[in-house]
Each structure stands twice: as C-alpha cells, then as structure tokens.
$ cat input.tsv   # TSV, N, CA and C atoms
chain	number	residue	atom	x	y	z
A	1	MET	N	100.75	115.08	107.13
A	1	MET	CA	99.46	114.61	106.67
A	1	MET	C	99.03	115.47	105.49
A	2	GLY	N	98.84	116.70	105.66
A	2	GLY	CA	98.60	117.64	104.58
A	2	GLY	C	97.57	117.21	103.56
A	3	ILE	N	97.88	117.52	102.31
A	3	ILE	CA	96.94	117.27	101.22
A	3	ILE	C	96.69	115.78	101.04
A	4	GLY	N	97.74	114.97	101.07
A	4	GLY	CA	97.58	113.53	100.88
A	4	GLY	C	96.67	112.90	101.92
A	5	GLY	N	96.87	113.27	103.17
A	5	GLY	CA	96.01	112.74	104.23
A	5	GLY	C	94.57	113.19	104.08
A	6	GLY	N	94.40	114.45	103.68
A	6	GLY	CA	93.04	114.97	103.46
A	6	GLY	C	92.34	114.26	102.33
A	7	ILE	N	93.05	114.05	101.24
A	7	ILE	CA	92.46	113.36	100.09
A	7	ILE	C	92.13	111.92	100.47
A	8	GLY	N	93.06	111.26	101.16
A	8	GLY	CA	92.82	109.88	101.58
A	8	GLY	C	91.65	109.77	102.54
A	9	ALA	N	91.57	110.68	103.50
A	9	ALA	CA	90.49	110.63	104.49
A	9	ALA	C	89.14	110.92	103.84
A	10	ASN	N	89.10	111.89	102.95
A	10	ASN	CA	87.83	112.21	102.29
A	10	ASN	C	87.37	111.08	101.39
A	11	THR	N	88.29	110.47	100.68
A	11	THR	CA	87.94	109.35	99.82
A	11	THR	C	87.45	108.17	100.65
A	12	ALA	N	88.14	107.87	101.73
A	12	ALA	CA	87.73	106.76	102.60
A	12	ALA	C	86.37	107.01	103.22
A	13	GLN	N	86.13	108.23	103.67
A	13	GLN	CA	84.84	108.54	104.28
A	13	GLN	C	83.72	108.45	103.25
A	14	THR	N	83.94	108.99	102.07
A	14	THR	CA	82.92	108.92	101.03
A	14	THR	C	82.59	107.48	100.68
A	15	THR	N	83.61	106.65	100.56
A	15	THR	CA	83.40	105.24	100.25
A	15	THR	C	82.66	104.53	101.37
A	16	ALA	N	83.00	104.86	102.62
A	16	ALA	CA	82.39	104.19	103.77
A	16	ALA	C	80.91	104.51	103.92
A	17	VAL	N	80.50	105.72	103.56
A	17	VAL	CA	79.10	106.12	103.78
A	17	VAL	C	78.30	106.19	102.49
A	18	ILE	N	78.80	105.63	101.41
A	18	ILE	CA	78.14	105.74	100.11
A	18	ILE	C	76.76	105.08	100.08
A	19	ASP	N	76.54	104.07	100.90
A	19	ASP	CA	75.27	103.33	100.88
A	19	ASP	C	74.22	103.90	101.82
A	20	PHE	N	74.51	105.00	102.49
A	20	PHE	CA	73.58	105.59	103.44
A	20	PHE	C	72.85	106.77	102.81
A	21	THR	N	71.63	107.02	103.27
A	21	THR	CA	70.86	108.17	102.79
A	21	THR	C	70.17	108.84	103.96
A	22	GLY	N	69.78	110.08	103.76
A	22	GLY	CA	68.98	110.82	104.74
A	22	GLY	C	69.61	110.88	106.12
A	23	GLU	N	68.79	110.60	107.11
A	23	GLU	CA	69.23	110.65	108.52
A	23	GLU	C	70.35	109.65	108.79
A	24	HIS	N	70.32	108.51	108.13
A	24	HIS	CA	71.36	107.50	108.32
A	24	HIS	C	72.72	108.01	107.83
A	25	LEU	N	72.71	108.84	106.80
A	25	LEU	CA	73.96	109.40	106.27
A	25	LEU	C	74.63	110.31	107.30
A	26	SER	N	73.85	111.19	107.93
A	26	SER	CA	74.45	112.09	108.93
A	26	SER	C	74.96	111.31	110.14
A	27	ARG	N	74.24	110.27	110.53
A	27	ARG	CA	74.71	109.45	111.66
A	27	ARG	C	75.97	108.68	111.30
A	28	ALA	N	76.01	108.11	110.10
A	28	ALA	CA	77.20	107.38	109.66
A	28	ALA	C	78.40	108.31	109.57
A	29	SER	N	78.19	109.52	109.09
A	29	SER	CA	79.27	110.49	108.99
A	29	SER	C	79.79	110.88	110.37
A	30	THR	N	78.87	111.01	111.33
A	30	THR	CA	79.26	111.34	112.70
A	30	THR	C	80.09	110.21	113.31
A	31	VAL	N	79.64	108.98	113.12
A	31	VAL	CA	80.38	107.84	113.65
A	31	VAL	C	81.76	107.76	113.00
A	32	TRP	N	81.82	107.99	111.68
A	32	TRP	CA	83.10	107.97	110.96
A	32	TRP	C	84.05	109.01	111.56
A	33	ASN	N	83.57	110.23	111.75
A	33	ASN	CA	84.43	111.30	112.26
A	33	ASN	C	84.88	111.04	113.70
A	34	LEU	N	84.01	110.50	114.53
A	34	LEU	CA	84.42	110.14	115.89
A	34	LEU	C	85.50	109.07	115.86
A	35	ASN	N	85.32	108.07	115.02
A	35	ASN	CA	86.31	107.01	114.88
A	35	ASN	C	87.64	107.58	114.41
A	36	ARG	N	87.60	108.46	113.42
A	36	ARG	CA	88.82	109.05	112.88
A	36	ARG	C	89.56	109.85	113.96
A	37	GLN	N	88.83	110.66	114.70
A	37	GLN	CA	89.45	111.47	115.75
A	37	GLN	C	90.05	110.60	116.86
A	38	MET	N	89.31	109.56	117.25
A	38	MET	CA	89.82	108.66	118.29
A	38	MET	C	91.07	107.93	117.80
A	39	SER	N	91.06	107.49	116.55
A	39	SER	CA	92.21	106.78	116.00
A	39	SER	C	93.45	107.67	115.98
A	40	PHE	N	93.27	108.91	115.53
A	40	PHE	CA	94.41	109.83	115.50
A	40	PHE	C	94.93	110.11	116.91
A	41	SER	N	94.03	110.29	117.86
A	41	SER	CA	94.44	110.57	119.24
A	41	SER	C	95.18	109.39	119.85
A	42	VAL	N	94.62	108.20	119.69
A	42	VAL	CA	95.26	107.00	120.24
A	42	VAL	C	96.59	106.75	119.55
A	43	GLY	N	96.63	106.94	118.24
A	43	GLY	CA	97.87	106.76	117.49
A	43	GLY	C	98.96	107.71	117.94
A	44	ALA	N	98.60	108.97	118.12
A	44	ALA	CA	99.59	109.95	118.58
A	44	ALA	C	100.09	109.60	119.98
A	45	ALA	N	99.19	109.19	120.86
A	45	ALA	CA	99.59	108.81	122.21
A	45	ALA	C	100.48	107.57	122.20
A	46	LEU	N	100.12	106.59	121.37
A	46	LEU	CA	100.89	105.36	121.29
A	46	LEU	C	102.32	105.63	120.81
A	47	PHE	N	102.47	106.42	119.76
A	47	PHE	CA	103.81	106.66	119.23
A	47	PHE	C	104.61	107.64	120.07
A	48	THR	N	103.94	108.50	120.82
A	48	THR	CA	104.65	109.32	121.80
A	48	THR	C	105.22	108.44	122.90
A	49	LEU	N	104.42	107.48	123.36
A	49	LEU	CA	104.88	106.53	124.37
A	49	LEU	C	106.04	105.69	123.83
A	50	LEU	N	105.90	105.20	122.61
A	50	LEU	CA	106.96	104.42	121.97
A	50	LEU	C	108.24	105.23	121.85
A	51	PHE	N	108.12	106.48	121.43
A	51	PHE	CA	109.28	107.36	121.30
A	51	PHE	C	109.96	107.55	122.66
A	52	ASN	N	109.18	107.79	123.70
A	52	ASN	CA	109.76	107.97	125.03
A	52	ASN	C	110.45	106.71	125.54
A	53	LEU	N	109.86	105.56	125.25
A	53	LEU	CA	110.51	104.30	125.65
A	53	LEU	C	111.82	104.08	124.88
A	54	LEU	N	111.79	104.34	123.59
A	54	LEU	CA	113.01	104.19	122.79
A	54	LEU	C	114.08	105.18	123.19
A	55	GLN	N	113.66	106.35	123.62
A	55	GLN	CA	114.61	107.39	124.04
A	55	GLN	C	115.41	106.95	125.26
A	56	GLN	N	114.83	106.10	126.09
A	56	GLN	CA	115.54	105.60	127.26
A	56	GLN	C	116.62	104.59	126.87
A	57	LEU	N	116.46	103.97	125.71
A	57	LEU	CA	117.40	102.94	125.27
A	57	LEU	C	118.48	103.47	124.33
A	58	THR	N	118.23	104.60	123.69
A	58	THR	CA	119.15	105.11	122.68
A	58	THR	C	119.10	106.63	122.65
A	59	THR	N	119.74	107.22	121.66
A	59	THR	CA	119.75	108.68	121.55
A	59	THR	C	118.39	109.18	121.05
A	60	THR	N	118.16	110.45	121.21
A	60	THR	CA	116.91	111.04	120.77
A	60	THR	C	116.72	110.89	119.26
A	61	THR	N	117.78	111.11	118.50
A	61	THR	CA	117.69	111.00	117.05
A	61	THR	C	117.37	109.57	116.63
A	62	SER	N	118.04	108.61	117.22
A	62	SER	CA	117.77	107.21	116.89
A	62	SER	C	116.36	106.81	117.32
A	63	ALA	N	115.91	107.29	118.45
A	63	ALA	CA	114.56	106.99	118.92
A	63	ALA	C	113.52	107.55	117.95
A	64	TYR	N	113.77	108.76	117.46
A	64	TYR	CA	112.85	109.38	116.50
A	64	TYR	C	112.80	108.57	115.21
A	65	HIS	N	113.97	108.23	114.68
A	65	HIS	CA	114.02	107.45	113.45
A	65	HIS	C	113.35	106.08	113.63
A	66	SER	N	113.61	105.43	114.74
A	66	SER	CA	113.03	104.11	114.99
A	66	SER	C	111.51	104.19	115.12
A	67	ALA	N	111.03	105.19	115.86
A	67	ALA	CA	109.59	105.36	116.04
A	67	ALA	C	108.92	105.63	114.69
A	68	PHE	N	109.56	106.44	113.86
A	68	PHE	CA	109.01	106.74	112.54
A	68	PHE	C	108.96	105.48	111.67
A	69	LEU	N	110.02	104.69	111.69
A	69	LEU	CA	110.03	103.45	110.91
A	69	LEU	C	108.97	102.47	111.40
A	70	ILE	N	108.83	102.35	112.70
A	70	ILE	CA	107.82	101.45	113.26
A	70	ILE	C	106.42	101.93	112.87
A	71	ALA	N	106.21	103.24	112.83
A	71	ALA	CA	104.91	103.78	112.43
A	71	ALA	C	104.66	103.56	110.94
A	72	ALA	N	105.70	103.61	110.12
A	72	ALA	CA	105.54	103.48	108.68
A	72	ALA	C	105.30	102.04	108.24
A	73	LEU	N	105.87	101.08	108.94
A	73	LEU	CA	105.75	99.68	108.52
A	73	LEU	C	104.31	99.17	108.44
A	74	PRO	N	103.46	99.41	109.43
A	74	PRO	CA	102.07	98.95	109.29
A	74	PRO	C	101.35	99.59	108.10
A	75	GLY	N	101.75	100.79	107.74
A	75	GLY	CA	101.15	101.45	106.58
A	75	GLY	C	101.52	100.78	105.27
A	76	LEU	N	102.61	100.04	105.27
A	76	LEU	CA	103.03	99.34	104.06
A	76	LEU	C	102.43	97.95	103.94
A	77	LEU	N	101.84	97.44	105.00
A	77	LEU	CA	101.27	96.09	104.97
A	77	LEU	C	100.22	95.88	103.88
A	78	PRO	N	99.36	96.84	103.59
A	78	PRO	CA	98.40	96.62	102.50
A	78	PRO	C	99.07	96.37	101.15
A	79	LEU	N	100.30	96.82	100.97
A	79	LEU	CA	101.00	96.57	99.72
A	79	LEU	C	101.23	95.08	99.50
A	80	LEU	N	101.43	94.34	100.59
A	80	LEU	CA	101.60	92.90	100.46
A	80	LEU	C	100.34	92.25	99.90
A	81	THR	N	99.19	92.74	100.32
A	81	THR	CA	97.93	92.22	99.79
A	81	THR	C	97.78	92.59	98.32
A	82	LEU	N	98.12	93.82	97.97
A	82	LEU	CA	98.01	94.25	96.58
A	82	LEU	C	98.90	93.44	95.66
A	83	MET	N	100.06	93.08	96.16
A	83	MET	CA	100.99	92.32	95.34
A	83	MET	C	100.44	90.92	95.02
A	84	SER	N	99.60	90.38	95.90
A	84	SER	CA	99.06	89.04	95.68
A	84	SER	C	97.78	89.07	94.85
A	85	LEU	N	97.18	90.22	94.65
A	85	LEU	CA	95.96	90.32	93.85
A	85	LEU	C	96.27	90.22	92.36
A	86	ASN	N	95.33	89.75	91.62
A	86	ASN	CA	95.42	89.66	90.16
A	86	ASN	C	96.58	88.82	89.66
A	87	LYS	N	97.08	87.93	90.48
A	87	LYS	CA	98.12	87.01	90.00
A	87	LYS	C	97.41	85.78	89.49
A	88	GLN	N	97.55	85.55	88.20
A	88	GLN	CA	96.94	84.38	87.59
A	88	GLN	C	98.04	83.47	87.09
A	89	PRO	N	97.82	82.18	87.17
A	89	PRO	CA	98.82	81.26	86.62
A	89	PRO	C	98.99	81.51	85.13
A	90	GLU	N	100.19	81.23	84.63
A	90	GLU	CA	100.50	81.44	83.22
A	90	GLU	C	99.53	80.71	82.31
A	91	SER	N	99.12	79.52	82.70
A	91	SER	CA	98.23	78.73	81.84
A	91	SER	C	96.88	79.42	81.64
A	92	LEU	N	96.37	80.07	82.68
A	92	LEU	CA	95.09	80.79	82.56
A	92	LEU	C	95.24	81.99	81.64
A	93	CYS	N	96.35	82.69	81.75
A	93	CYS	CA	96.58	83.86	80.90
A	93	CYS	C	96.65	83.44	79.43
A	94	ASN	N	97.30	82.33	79.15
A	94	ASN	CA	97.43	81.85	77.77
A	94	ASN	C	96.08	81.39	77.22
A	95	GLN	N	95.23	80.82	78.06
A	95	GLN	CA	93.91	80.36	77.62
A	95	GLN	C	93.03	81.53	77.22
A	96	LYS	N	93.12	82.64	77.95
A	96	LYS	CA	92.30	83.81	77.65
A	96	LYS	C	92.69	84.42	76.30
A	97	GLU	N	93.96	84.36	75.96
A	97	GLU	CA	94.43	84.94	74.71
A	97	GLU	C	93.97	84.12	73.51
A	98	ASN	N	93.81	82.80	73.68
A	98	ASN	CA	93.44	81.93	72.56
A	98	ASN	C	91.98	82.00	72.25
$ encode --input "input.tsv" --output "structure tokens"
Amino acid sequence: MGIGGGIGANTAQTTAVIDFTGEHLSRASTVWNLNRQMSFSVGAALFTLLFNLLQQLTTTTSAYHSAFLIAALPGLLPLLTLMSLNKQPESLCNQKEN
C-alpha cells in the first residue's frame, strides 16, 4: 500500500468530504475513516479465507498467486469504464474541427 495507497486514500477522502463544513465535516471524516477501516478489515479477512480455500486445492505458491490475481482484477474494472469515456464518433470530431 505504501505511498500510493496513502495518496489515493487522502485524495479520495478529500474529494468525498469537500462539500461539508464545520461540525458536518468532522462527522463526515469520521464516517469515512470507519468505512475505510471496515473495508480493509473485511477485505483482508476475505482474501485470507480465499487463500486458505485455494491452498486446499493447490500448492501454497499457486494459491498465493491466484489470490493475488483475483484481488487485482476488481481493481482493474474501473479501467473498462475509463476506456469507454470520451469516445466520440468520427463524424462529431470532424464537425468540431470545421
């Protein structure tokens, strides 16, 4: 997680609570942090369980690699959305230039 996770988490939290002020800001920040901690805890438990299940079916090394790949795939799903954004038909692009 390191620096990248810290930068991502801080940016996400700042963006999520940008519209709050005063007392509402501290409450929103508290809810955000509770959510983040719960997500990390549940995620760690889920992938530990997945790793243990995979370990029963294959070697420890293969189970580790498989669990890591399964964990990484959902993180790549937003890229599919990004790839579909800002796609304009050729005709619209040509009209803007004229």
$ atom_distance --input "input.tsv" --atom1 "atom N of Leu53 of chain A" --atom2 "atom C of Ser66 of chain A"
10.4 Å
$ residues_around --input "input.tsv" --residues "segment 27-43 of chain A" --least-positions-apart "3" --cutoff "9 Å" --atoms "only C-alpha atoms" --output "list in words"
Ala9, Gln13, Thr14, Ala16, Val17, Phe20, Glu23, His24, Leu46, Phe47 and Thr48 of chain A
$ residues_around --input "input.tsv" --residues "Phe51 of chain A" --least-positions-apart "4" --cutoff "10 Å" --atoms "only C-alpha atoms" --output "list in words"
Ala45, Leu46, Phe47, Gln55, Gln56, Thr60, Ser62, Ala63, Tyr64, His65, Ser66, Ala67 and Phe68 of chain A
$ axis_aligned_box --input "input.tsv" --around "segment 66-69 of chain A" --padding-each-side "3 Å" --output "lines of an AutoDock Vina configuration file"
center_x = 111.3
center_y = 104.6
center_z = 113.5
size_x = 10.7
size_y = 10.3
size_z = 11.1
$ atom_distance --input "input.tsv" --atom1 "atom N of Thr58 of chain A" --atom2 "atom CA of Ile70 of chain A"
15.1 Å
$ atom_distance --input "input.tsv" --atom1 "atom CA of Ala71 of chain A" --atom2 "atom C of Ala12 of chain A"
21.0 Å
